[in-house]
$ cat my_file21.txt   # compact mmCIF, C-alpha atoms
# COMPACT_ATOMS: atom_id res chain seq x y z
CA MET B 13 68.19 145.08 126.88
CA ASN B 14 64.61 144.81 128.15
CA LYS B 15 63.44 141.87 130.25
CA THR B 16 61.62 140.10 127.36
CA VAL B 17 64.57 140.32 125.00
CA PHE B 18 66.91 139.17 127.77
CA THR B 19 64.69 136.16 128.51
CA ILE B 20 64.57 135.13 124.85
CA ALA B 21 68.34 135.49 124.56
CA ALA B 22 68.81 133.37 127.68
CA ILE B 23 66.53 130.65 126.33
CA VAL B 24 68.34 130.58 122.97
CA SER B 25 71.69 130.44 124.76
CA ALA B 26 70.50 127.59 126.99
CA LEU B 27 69.21 125.65 124.01
CA PHE B 28 72.53 126.07 122.19
CA ILE B 29 74.48 124.87 125.23
CA SER B 30 72.13 121.92 125.69
CA MET B 31 72.83 120.80 122.14
CA SER B 32 76.58 121.15 122.47
CA CYS B 33 78.98 118.35 123.26
CA LEU B 34 79.85 119.84 126.65
CA ALA B 35 76.30 119.25 127.86
CA GLN B 36 76.31 115.54 127.00
CA THR B 37 78.86 114.33 129.54
CA GLY B 38 78.20 110.83 130.82
CA LYS B 39 76.27 109.29 127.96
CA VAL B 40 77.08 107.36 124.81
CA ASN B 41 76.77 109.68 121.84
CA ASN B 42 74.38 109.13 118.99
CA PHE B 43 77.24 109.42 116.49
CA ARG B 44 76.08 106.46 114.44
CA ILE B 45 77.42 106.19 110.91
CA LYS B 46 77.07 103.83 107.98
CA ARG B 47 78.21 105.10 104.59
CA GLY B 48 80.16 108.18 103.61
CA THR B 49 83.04 109.57 101.61
CA ASN B 50 86.21 111.58 102.15
CA VAL B 51 85.98 115.24 101.17
CA SER B 52 89.68 115.12 100.39
CA HIS B 53 92.28 117.16 98.50
CA TRP B 54 90.69 120.35 99.75
CA LEU B 55 91.86 121.18 103.28
CA SER B 56 94.49 118.47 102.95
CA GLN B 57 96.96 117.36 100.26
CA SER B 58 96.27 120.41 98.14
CA GLU B 59 98.21 123.49 97.10
CA GLN B 60 95.03 125.47 96.40
CA ARG B 61 94.61 128.62 98.43
CA GLY B 62 92.41 131.69 98.29
CA GLU B 63 89.49 131.73 95.88
CA ALA B 64 90.42 128.41 94.22
CA ARG B 65 90.28 126.58 97.55
CA LYS B 66 87.09 128.38 98.56
CA LEU B 67 85.33 127.35 95.35
CA HIS B 68 86.60 123.77 95.33
CA ILE B 69 84.01 122.56 97.85
CA GLN B 70 80.69 124.36 98.22
CA GLU B 71 77.33 123.91 99.90
CA ASP B 72 75.92 122.06 96.89
CA ASP B 73 78.51 119.30 97.37
CA PHE B 74 77.09 118.49 100.79
CA ALA B 75 73.54 118.71 99.47
CA ARG B 76 74.48 116.28 96.69
CA LEU B 77 76.04 113.75 99.07
CA SER B 78 72.98 113.86 101.29
CA ASP B 79 70.61 113.44 98.33
CA LEU B 80 72.60 110.44 97.14
CA GLY B 81 72.12 108.68 100.47
CA PHE B 82 75.40 109.24 102.26
CA ASP B 83 74.97 109.88 105.99
CA PHE B 84 78.39 111.26 106.91
CA VAL B 85 81.67 112.66 105.61
CA ARG B 86 85.31 112.45 106.66
CA ILE B 87 87.09 115.78 106.27
CA PRO B 88 90.91 115.49 106.16
CA ILE B 89 92.78 118.58 107.31
CA ASP B 90 96.54 119.33 107.27
CA GLU B 91 98.59 121.30 109.77
CA VAL B 92 100.20 123.40 107.03
CA GLN B 93 96.78 124.68 105.94
CA PHE B 94 95.65 125.67 109.43
CA TRP B 95 98.86 126.92 111.07
CA ASP B 96 101.95 128.62 109.70
CA GLU B 97 105.46 127.45 110.65
CA LYS B 98 105.40 129.66 113.77
CA GLY B 99 102.15 128.10 114.96
CA ASN B 100 99.93 131.03 114.08
CA ARG B 101 96.43 130.17 112.94
CA LEU B 102 95.62 130.75 109.27
CA SER B 103 92.09 132.11 109.48
CA GLU B 104 90.86 131.21 106.00
CA ALA B 105 91.14 127.44 106.44
CA TRP B 106 89.34 127.60 109.81
CA SER B 107 86.52 129.53 108.17
CA LEU B 108 86.22 126.94 105.41
CA LEU B 109 86.09 124.11 107.96
CA ASP B 110 83.42 126.00 109.88
CA ASN B 111 81.39 126.35 106.69
CA ALA B 112 81.81 122.68 105.87
CA LEU B 113 80.53 121.57 109.27
CA ASN B 114 77.58 123.97 109.04
CA TRP B 115 76.69 122.55 105.63
CA ALA B 116 77.11 119.00 106.86
CA ARG B 117 74.69 119.64 109.72
CA LYS B 118 72.22 121.43 107.43
CA TYR B 119 72.06 118.37 105.18
CA ASN B 120 72.03 115.81 108.00
CA LEU B 121 75.57 114.56 107.42
CA ARG B 122 77.67 113.66 110.42
CA ALA B 123 81.32 114.65 110.10
CA ILE B 124 84.69 113.29 111.18
CA VAL B 125 87.42 115.91 111.32
CA ASP B 126 90.58 113.97 110.46
CA LEU B 127 94.02 115.43 111.24
CA HIS B 128 95.58 113.99 108.12
CA ILE B 129 99.16 115.27 107.85
CA ILE B 130 101.21 117.13 110.47
CA ARG B 131 104.67 118.60 110.15
CA SER B 132 106.21 115.93 112.40
CA HIS B 133 104.53 112.98 110.67
CA TYR B 134 103.67 112.19 107.07
CA PHE B 135 102.55 108.66 106.28
CA ASN B 136 104.22 108.67 102.85
CA ALA B 137 107.62 109.77 104.17
CA VAL B 138 108.44 106.19 105.15
CA ASN B 139 107.60 104.99 101.64
CA GLU B 140 109.80 107.69 100.18
CA GLY B 141 112.74 106.82 102.41
CA ASP B 142 112.62 110.08 104.38
CA LYS B 143 112.28 108.83 107.94
CA ALA B 144 113.92 112.03 109.16
CA ALA B 145 110.68 113.81 108.29
CA ASN B 146 108.83 111.76 110.91
CA THR B 147 109.93 112.87 114.37
CA LEU B 148 106.59 112.31 116.09
CA PHE B 149 107.50 109.02 117.74
CA THR B 150 110.97 110.08 118.89
CA SER B 151 110.32 113.62 120.11
CA ASP B 152 108.43 114.62 123.26
CA LYS B 153 108.10 118.13 121.84
CA ALA B 154 106.49 116.83 118.62
CA GLN B 155 103.98 114.85 120.69
CA GLN B 156 103.13 117.88 122.81
CA ASP B 157 102.78 119.90 119.61
CA LEU B 158 100.22 117.35 118.38
CA ILE B 159 98.28 117.70 121.63
CA ASN B 160 98.43 121.49 121.28
CA LEU B 161 96.97 121.24 117.77
CA TRP B 162 94.09 119.22 119.12
CA ASN B 163 93.53 121.63 121.99
CA GLN B 164 93.12 124.41 119.44
CA ILE B 165 90.84 122.33 117.22
CA SER B 166 88.78 121.43 120.27
CA ASP B 167 88.54 125.06 121.36
CA PHE B 168 87.20 125.92 117.90
CA LEU B 169 84.72 123.02 117.67
CA LYS B 170 83.80 122.14 121.26
CA ASN B 171 80.34 123.71 121.08
CA ARG B 172 79.29 121.47 118.22
CA SER B 173 77.11 118.51 119.13
CA CYS B 174 78.83 115.22 119.93
CA ASP B 175 76.07 113.55 117.94
CA TRP B 176 77.23 115.31 114.77
CA VAL B 177 81.00 115.94 114.88
CA ALA B 178 83.81 113.53 115.79
CA TYR B 179 87.60 113.87 115.88
CA GLU B 180 90.13 111.48 114.33
CA PHE B 181 93.47 111.65 116.22
CA MET B 182 95.72 111.28 113.20
CA ASN B 183 95.69 109.62 109.81
CA GLU B 184 97.74 106.47 109.13
CA PRO B 185 100.33 106.47 111.94
CA VAL B 186 103.60 104.81 110.99
CA ALA B 187 105.54 103.96 114.16
CA ASP B 188 108.41 101.48 114.15
CA GLU B 189 106.90 99.76 117.17
CA HIS B 190 103.19 99.36 117.89
CA GLU B 191 103.68 100.35 121.51
CA GLN B 192 104.95 103.77 120.42
CA TRP B 193 101.58 104.47 118.82
CA ASN B 194 99.68 102.98 121.79
CA LYS B 195 101.47 105.32 124.20
CA LEU B 196 100.73 108.33 122.00
CA VAL B 197 97.06 107.31 121.72
CA ALA B 198 96.88 107.26 125.52
CA LYS B 199 98.49 110.73 125.78
CA VAL B 200 96.26 112.38 123.18
CA HIS B 201 93.17 110.66 124.57
CA LYS B 202 93.94 111.84 128.11
CA ALA B 203 94.53 115.41 126.94
CA LEU B 204 91.34 115.56 124.89
CA ARG B 205 89.23 114.05 127.62
CA LYS B 206 90.29 116.88 129.93
CA VAL B 207 88.72 119.44 127.61
CA GLU B 208 86.03 117.31 125.95
CA PRO B 209 84.99 114.37 128.11
CA GLN B 210 82.25 113.35 125.71
CA ARG B 211 83.42 113.85 122.10
CA THR B 212 83.47 110.79 119.84
CA LEU B 213 87.11 110.00 119.01
CA VAL B 214 88.23 107.93 116.03
CA VAL B 215 91.35 105.85 116.67
CA GLY B 216 93.18 103.93 113.97
CA SER B 217 95.80 101.18 114.07
CA ASN B 218 99.53 101.51 113.51
CA ARG B 219 101.28 101.09 110.14
CA TRP B 220 98.96 102.98 107.80
CA GLN B 221 95.85 101.90 109.75
CA GLY B 222 96.29 98.39 108.44
CA HIS B 223 93.73 95.73 109.31
CA GLU B 224 96.58 93.39 110.22
CA THR B 225 97.83 95.67 113.03
CA MET B 226 94.46 96.24 114.69
CA LYS B 227 95.19 93.34 117.08
CA TYR B 228 98.11 95.32 118.51
CA LEU B 229 96.10 98.49 119.17
CA LYS B 230 95.45 99.33 122.82
CA VAL B 231 92.29 101.34 123.32
CA PRO B 232 91.63 103.38 126.47
CA GLU B 233 89.42 101.21 128.67
CA GLY B 234 85.85 102.08 129.53
CA ASP B 235 85.40 104.83 126.93
CA LYS B 236 82.42 103.95 124.74
CA ASN B 237 82.65 107.14 122.68
CA ILE B 238 85.48 105.75 120.56
CA ILE B 239 85.27 104.38 117.02
CA LEU B 240 87.95 102.00 115.77
CA SER B 241 89.29 102.72 112.29
CA PHE B 242 91.22 100.81 109.64
CA HIS B 243 91.95 101.39 105.95
CA TYR B 244 91.72 98.86 103.15
CA TYR B 245 93.23 98.89 99.66
CA ASN B 246 94.10 95.21 99.20
CA PRO B 247 95.22 93.89 96.83
CA MET B 248 97.27 96.99 96.03
CA LEU B 249 98.16 95.76 92.56
CA LEU B 250 94.47 95.94 91.69
CA THR B 251 93.35 99.06 93.57
CA HIS B 252 96.45 101.10 92.62
CA TYR B 253 97.19 99.65 89.18
CA GLY B 254 99.07 102.31 87.19
CA ALA B 255 99.43 104.67 90.16
CA TRP B 256 102.51 106.84 89.62
CA TRP B 257 103.39 106.95 93.35
CA SER B 258 103.60 103.14 93.67
CA PRO B 259 106.75 101.74 91.97
CA LEU B 260 105.29 98.24 91.48
CA CYS B 261 101.85 99.40 90.32
CA LYS B 262 103.43 101.86 87.92
CA ALA B 263 105.97 99.42 86.47
CA TYR B 264 103.67 96.43 85.97
CA LYS B 265 101.94 96.62 82.57
CA GLY B 266 100.39 93.16 82.40
CA LYS B 267 96.81 92.14 83.04
CA VAL B 268 95.27 92.00 86.53
CA ASN B 269 92.59 89.42 87.27
CA TYR B 270 89.93 89.48 89.99
CA PRO B 271 88.62 87.30 91.53
CA GLY B 272 91.28 84.60 91.47
CA VAL B 273 95.05 84.75 91.11
CA LEU B 274 95.84 88.33 90.13
CA VAL B 275 98.78 87.74 87.78
CA SER B 276 99.08 84.84 85.35
CA LYS B 277 102.33 82.96 84.74
CA GLU B 278 102.52 84.43 81.26
CA ASP B 279 102.20 88.01 82.51
CA TYR B 280 104.68 87.35 85.28
CA ASP B 281 107.25 85.98 82.85
CA ALA B 282 106.81 89.04 80.62
CA ALA B 283 107.25 91.51 83.50
CA PRO B 284 110.54 93.41 84.06
CA ASP B 285 113.02 91.41 86.13
CA GLU B 286 113.43 94.19 88.68
CA ILE B 287 109.81 93.90 89.90
CA LYS B 288 109.45 90.11 89.84
CA SER B 289 110.26 89.59 93.51
CA GLU B 290 107.46 91.99 94.52
CA LEU B 291 105.13 90.62 91.85
CA LYS B 292 105.60 86.97 92.79
CA PRO B 293 103.02 86.85 95.63
CA TYR B 294 100.34 88.01 93.21
CA THR B 295 100.94 84.88 91.12
CA GLU B 296 100.25 82.62 94.09
CA GLN B 297 97.51 84.01 96.33
CA VAL B 298 93.83 83.75 95.42
CA TRP B 299 91.93 86.99 95.93
CA ASP B 300 88.16 86.92 96.37
CA ILE B 301 85.45 87.82 98.87
CA ASN B 302 86.65 85.10 101.24
CA THR B 303 90.14 86.62 101.27
CA ILE B 304 88.68 90.01 102.12
CA ARG B 305 86.51 88.51 104.85
CA GLU B 306 89.53 86.76 106.35
CA GLN B 307 91.64 89.93 106.24
CA PHE B 308 88.97 91.88 108.14
CA LYS B 309 89.01 89.31 110.96
CA ASP B 310 91.46 91.07 113.28
CA ALA B 311 89.65 94.40 112.97
CA ILE B 312 86.28 92.76 113.62
CA GLU B 313 87.67 90.94 116.67
CA ALA B 314 89.13 94.17 118.07
CA ALA B 315 85.75 95.91 117.77
CA LYS B 316 84.09 92.99 119.56
CA LYS B 317 86.75 92.99 122.30
CA TYR B 318 86.19 96.64 123.14
CA ASP B 319 82.49 96.67 122.17
CA LEU B 320 83.03 99.61 119.83
CA GLN B 321 81.85 100.59 116.39
CA LEU B 322 84.18 99.63 113.52
CA PHE B 323 84.88 101.99 110.65
CA CYS B 324 86.85 101.70 107.41
CA GLY B 325 88.01 105.26 106.88
CA GLU B 326 89.54 104.75 103.43
CA TRP B 327 88.96 102.25 100.65
CA GLY B 328 88.67 102.57 96.91
CA VAL B 329 90.15 101.98 93.47
CA TYR B 330 92.31 104.31 91.39
CA GLU B 331 90.30 105.89 88.58
CA PRO B 332 92.26 104.44 85.58
CA VAL B 333 91.76 100.83 86.74
CA ASP B 334 89.41 98.76 84.53
CA ARG B 335 85.98 99.67 85.83
CA GLU B 336 84.37 96.23 85.69
CA LEU B 337 87.30 94.83 87.64
CA ALA B 338 86.95 97.67 90.14
CA TYR B 339 83.19 97.21 90.52
CA THR B 340 83.59 93.50 91.27
CA TRP B 341 86.04 94.35 94.05
CA TYR B 342 83.77 97.11 95.38
CA ARG B 343 80.82 94.70 95.54
CA ASP B 344 82.80 92.15 97.51
CA VAL B 345 84.08 94.72 100.01
CA LEU B 346 80.60 96.21 100.44
CA THR B 347 79.18 92.75 101.08
CA VAL B 348 81.65 92.15 103.90
CA PHE B 349 81.01 95.62 105.33
CA ASP B 350 77.30 94.83 105.45
CA GLU B 351 77.86 91.39 106.98
CA PHE B 352 79.75 92.82 109.94
CA ASN B 353 78.08 96.25 110.24
CA ILE B 354 81.26 98.13 109.34
CA ALA B 355 80.81 101.83 108.57
CA TRP B 356 82.88 103.30 105.74
CA THR B 357 84.01 106.36 103.84
CA THR B 358 85.27 105.85 100.31
CA TRP B 359 88.46 107.46 99.14
CA CYS B 360 87.13 109.76 97.86
CA TYR B 361 84.50 112.25 96.62
CA ASP B 362 86.49 113.75 93.75
CA ALA B 363 90.23 113.57 92.87
CA ASP B 364 91.74 110.42 91.36
CA PHE B 365 89.75 107.82 93.33
CA GLY B 366 86.46 109.70 93.23
CA PHE B 367 83.12 109.61 91.47
CA TRP B 368 82.51 113.36 91.05
CA ASP B 369 84.29 115.74 88.66
CA GLN B 370 84.58 119.17 90.26
CA GLN B 371 85.88 120.80 87.10
CA ARG B 372 83.00 119.69 84.91
CA HIS B 373 80.49 119.63 87.74
CA SER B 374 79.22 116.21 86.76
CA TYR B 375 79.56 112.54 87.66
CA LYS B 376 82.62 110.83 86.26
CA ASP B 377 81.60 107.41 87.58
CA ARG B 378 77.83 107.12 87.93
CA PRO B 379 77.80 103.30 88.09
CA LEU B 380 80.10 103.43 91.12
CA VAL B 381 77.72 105.73 92.99
CA GLU B 382 74.78 103.46 92.16
CA LEU B 383 76.77 100.49 93.40
CA LEU B 384 77.68 102.27 96.64
CA MET B 385 74.06 103.22 97.15
CA SER B 386 72.98 99.58 96.79
CA GLY B 387 71.69 99.87 93.26
CA LYS B 388 69.80 103.11 93.69
CA LYS B 389 69.40 104.80 90.30
CA LEU B 390 70.50 108.40 90.15
CA GLY B 391 68.38 111.19 88.79
CA GLU B 392 69.67 113.17 85.85
$ encode --input "my_file21.txt" --output "structure tokens"
Amino acid sequence: MNKTVFTIAAIVSALFISMSCLAQTGKVNNFRIKRGTNVSHWLSQSEQRGEARKLHIQEDDFARLSDLGFDFVRIPIDEVQFWDEKGNRLSEAWSLLDNALNWARKYNLRAIVDLHIIRSHYFNAVNEGDKAANTLFTSDKAQQDLINLWNQISDFLKNRSCDWVAYEFMNEPVADEHEQWNKLVAKVHKALRKVEPQRTLVVGSNRWQGHETMKYLKVPEGDKNIILSFHYYNPMLLTHYGAWWSPLCKAYKGKVNYPGVLVSKEDYDAAPDEIKSELKPYTEQVWDINTIREQFKDAIEAAKKYDLQLFCGEWGVYEPVDRELAYTWYRDVLTVFDEFNIAWTTWCYDADFGFWDQQRHSYKDRPLVELLMSGKKLGE
């Protein structure tokens, strides 16, 4: 290599390093986010592999989200897609993630890489009565395995700018005791800070990232490159009405009202006896924007306590739910987000809570997108 070529190569290399996260140690990142969506059911919660998975999300999806006005994405990933049962890396999924982050950067979308489901912890296992599937909070080995996963993810992504890529420890932890999750947060945080002292880390609350458990979350002190995360689907009877995986929402066939009391006396009386005990609260509590505002209180107070950005990583309404009812709820939640400067990613881009149809390559809920974009009209 001649001297001129060597000099150019050195300059390019220096510029790349200067833009990487490793060169930003000691400052608060510019990982500022406002509105986004989950690129879900692709590298997580999907059986697609090979060409079908490759084609499911493409560059034009990121271009579309950017054009619509989204400024970031959350990308859920599952252990089973990235590592086999012996812990060997499955190269195809890593390549797809690499592509996704390149496309996100190209179209000025920040990205949160969310470790969604791991072999030792699945948030739905508790709902399904299979606690044996969740060994994370009772096994030192499972916790070290989680740290090892993150060390590998970090090794793969560490040269990406801290202003553009963040890591989310784990989706919807479900520990019996809040302190179990707090101790694990401290362990993962300590391990990641050894290899990436500057990366923005997203930390959620225990029990499905519920707003009501945010007050129990202990956040590592003095680290300003942390974002606090909660999820919001209340009231479930509205947002998940008819959902096959929710026994109550599947069994109840009456009308749902919003705002106001969700279930009338007449609909309650006509409901099957076996769901009435679960249905009863929906005949008593008033649901409206004030209820939502009150339910966000603990999360808002936690963000103020630690002086950190607050982020709602999942929220949305199941596709079959009456759209006008859904839009009213969306408007109220958006209003509260705006009032308290809460960033958000909808659940989700496509799939059964989404606004885009990947099969038909067209919008399946254009009014929802316009609502999310504050009334912006979409081009044809």
$ residues_around --input "my_file21.txt" --residues "segment 59-62 of chain B" --least-positions-apart "4" --cutoff "12 Å" --atoms "only C-alpha atoms" --output "list in words"
His53, Trp54, Leu55, Lys66, Leu67, His68, Ile69, Asp90, Val92, Gln93, Phe94, Leu102, Ser103, Glu104, Ala105, Ser107 and Leu108 of chain B
$ write_last_selection --input "my_file21.txt" --atoms "C-alpha atoms" --output "short mmCIF file (atom, residue, chain, number, x, y, z; two decimals), in the frame of the given file"
data_model
loop_
_atom_site.label_atom_id
_atom_site.label_comp_id
_atom_site.auth_asym_id
_atom_site.auth_seq_id
_atom_site.Cartn_x
_atom_site.Cartn_y
_atom_site.Cartn_z
CA HIS B 53 92.28 117.16 98.50
CA TRP B 54 90.69 120.35 99.75
CA LEU B 55 91.86 121.18 103.28
CA LYS B 66 87.09 128.38 98.56
CA LEU B 67 85.33 127.35 95.35
CA HIS B 68 86.60 123.77 95.33
CA ILE B 69 84.01 122.56 97.85
CA ASP B 90 96.54 119.33 107.27
CA VAL B 92 100.20 123.40 107.03
CA GLN B 93 96.78 124.68 105.94
CA PHE B 94 95.65 125.67 109.43
CA LEU B 102 95.62 130.75 109.27
CA SER B 103 92.09 132.11 109.48
CA GLU B 104 90.86 131.21 106.00
CA ALA B 105 91.14 127.44 106.44
CA SER B 107 86.52 129.53 108.17
CA LEU B 108 86.22 126.94 105.41
#
$ closest_residue --input "my_file21.txt" --among "B:Tyr294, B:Trp193, B:Trp257, B:Tyr134" --to "Tyr228 of chain B" --atoms "all atoms listed in the file"
B:Trp193
$ residues_around --input "my_file21.txt" --residues "Thr303 of chain B" --least-positions-apart "3" --cutoff "10 Å" --atoms "all atoms listed in the file" --output "list in words"
Asn246, Pro247, Pro271, Gln297, Val298, Trp299, Asp300, Glu306, Gln307, Phe308 and Asp344 of chain B
$ residues_around --input "my_file21.txt" --residues "His128 of chain B" --least-positions-apart "6" --cutoff "6 Å" --atoms "only C-alpha atoms" --output "PyMOL selection string"
chain B and resi 88-90+182-183
$ residues_around --input "my_file21.txt" --residues "Asp126 of chain B" --least-positions-apart "5" --cutoff "12 Å" --atoms "all atoms listed in the file" --output "PyMOL selection string"
chain B and resi 50-52+55-56+85-91+109+162+165+177-184+213-216+241+325-326
